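> Quick one: the structure is below, and I'll ask about it shortly.
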Amino acid sequence: SMMDDKSSVDEITDLFSDKYGTLYNSVSYNNYELDRLSADIDSRIDIGCPSNIGRLNHNHSITVPEVREAISKLKVGKKEENGLYSNHFKNGPERLVIMITLLFNCMLIHGMAPDDLLLGTMIPLIKNSRGNKQCSDNYRSLTIGTSLSKILEIVIMNQQSDKLKTSDLQFGFKEKSSTTMCTFMALETIEYYKNNGSNVHTLLLDASKAFDRGTLQEMAIFDRKKKCN
């Protein structure tokens with residue numbers, strides 16, 4: 001198979017590696033703003049996370065039932081690069097759930113995480129199935145993390161669910177929702193006004209690689225507006 005002008009597996013791998021390496025390092029950062037962000041995070045931790053463990057509130061600790069629920073939501077048969085499957089967690093004993101809970105709470109207390117938690121596998125996914133499948137520009141990157149990081153993500157999402165509400169007009173990246181529903185609603189709205197004799201004008205905005213080019217500052221501002229703990 002060919003990708004751009006490359007044919008071997010190693011060449012195609014290097015092609016996507018260079019492409020996404022350039023993309024994910026294309027956002028410039030202001031050192032002053034990053035220092036302010038770091039100081040703000042430290043201040044929020046000092047205020048919201050007292051050093052006395054006995055005073056930790058619910059949102060600053062993780063319980064065994066929360067981890068057990070998160071594990072139950074893992075998809076079946078998902079394989080990681082380290083050879084583990086999500087089934088290892090889903091079918092693991094209660095002792096495993098307890099050990100994971102202890103690990104997560106140690107991470108919260110000490111502010112450190114194991115390097116393996118940050119590992120991810122990047123795979124290219126085609127954007128337009130009707131487009132040129134041998135052109136690298138027709139692919140976007142998807143990073144598959146570890147089951148352990150997914151469990152932690154689900155726990156945090158559950159704890160902060162009341163602060164992570166999105167607009168009813170957002171359809172993508174939401175549970176029990178899809179862009180297909182958005183398309184259906186748009187077509188029905190257009191049809192309604194056409195049937196009643198009105199002209200319909202639409203404006204479509206496509207921000208190129210907007211998600212990949214988001215900055216840490218913007219995400220931090222979003223968290224502050226949502227008042228996530």
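Order determines the names: the first chain of the structure tokens is A, the second B, and so forth; residues in each chain are numbered 1 upward, and ligands are numbered 1 upward as they are shown.
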Identify, with DSSP run on backbone atoms, the residues in segment 17-131 of chain A assigned to strand (DSSP E or B), and express the list as an MDAnalysis selection string.

chainID A and resid 79 85 120:126

> Go through A:Ser136, A:Glu66, A:Asp115, A:Tyr192 and flag the residue nearest Asp18 of chain A, using only C-alpha atoms for the distances.

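For Asp18 of chain A, the nearest of the candidates is A:Ser136.
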
> Please measure the separation of atom CA of His110 of chain A and atom CA of Val64 of chain A, giving the value in Å to one decimal.

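These atoms are spaced 19.0 Å apart.
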
> What are the closest atom pairs, with distances in Å to one decimal, for each residue of segment 29-113 of chain A lying within 7 Å of segment 143-154 of chain A, using only C-alpha atoms, rows by chain and rising residue number, as a tab-separated table?


residue	atom	partner	partner_atom	distance
A:Val67	CA	A:Ile151	CA	6.9
A:Ala70	CA	A:Ile151	CA	5.4
A:Ile71	CA	A:Ile151	CA	6.0
A:Glu80	CA	A:Thr146	CA	6.2
A:Ser86	CA	A:Ser147	CA	6.0

> Go ahead and write the residues just picked, N, CA and C atoms, as a PDB file, in the first residue's frame.


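result21.pdb, freshly written:
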ATOM      1  N   VAL A  67     -14.227   3.305  41.739  1.00  0.00           N
ATOM      2  CA  VAL A  67     -13.321   2.596  40.838  1.00  0.00           C
ATOM      3  C   VAL A  67     -14.014   1.371  40.251  1.00  0.00           C
ATOM      4  N   ALA A  70     -16.287   2.491  37.526  1.00  0.00           N
ATOM      5  CA  ALA A  70     -15.530   2.915  36.345  1.00  0.00           C
ATOM      6  C   ALA A  70     -15.048   1.705  35.550  1.00  0.00           C
ATOM      7  N   ILE A  71     -14.584   0.676  36.246  1.00  0.00           N
ATOM      8  CA  ILE A  71     -14.112  -0.535  35.569  1.00  0.00           C
ATOM      9  C   ILE A  71     -15.251  -1.195  34.808  1.00  0.00           C
ATOM     10  N   GLU A  80      -4.117  -3.181  24.992  1.00  0.00           N
ATOM     11  CA  GLU A  80      -3.135  -2.121  25.134  1.00  0.00           C
ATOM     12  C   GLU A  80      -1.813  -2.572  24.532  1.00  0.00           C
ATOM     13  N   SER A  86      -8.569  -4.864  28.522  1.00  0.00           N
ATOM     14  CA  SER A  86      -9.533  -4.308  29.474  1.00  0.00           C
ATOM     15  C   SER A  86     -10.197  -5.421  30.282  1.00  0.00           C
TER      16      SER A  86
END
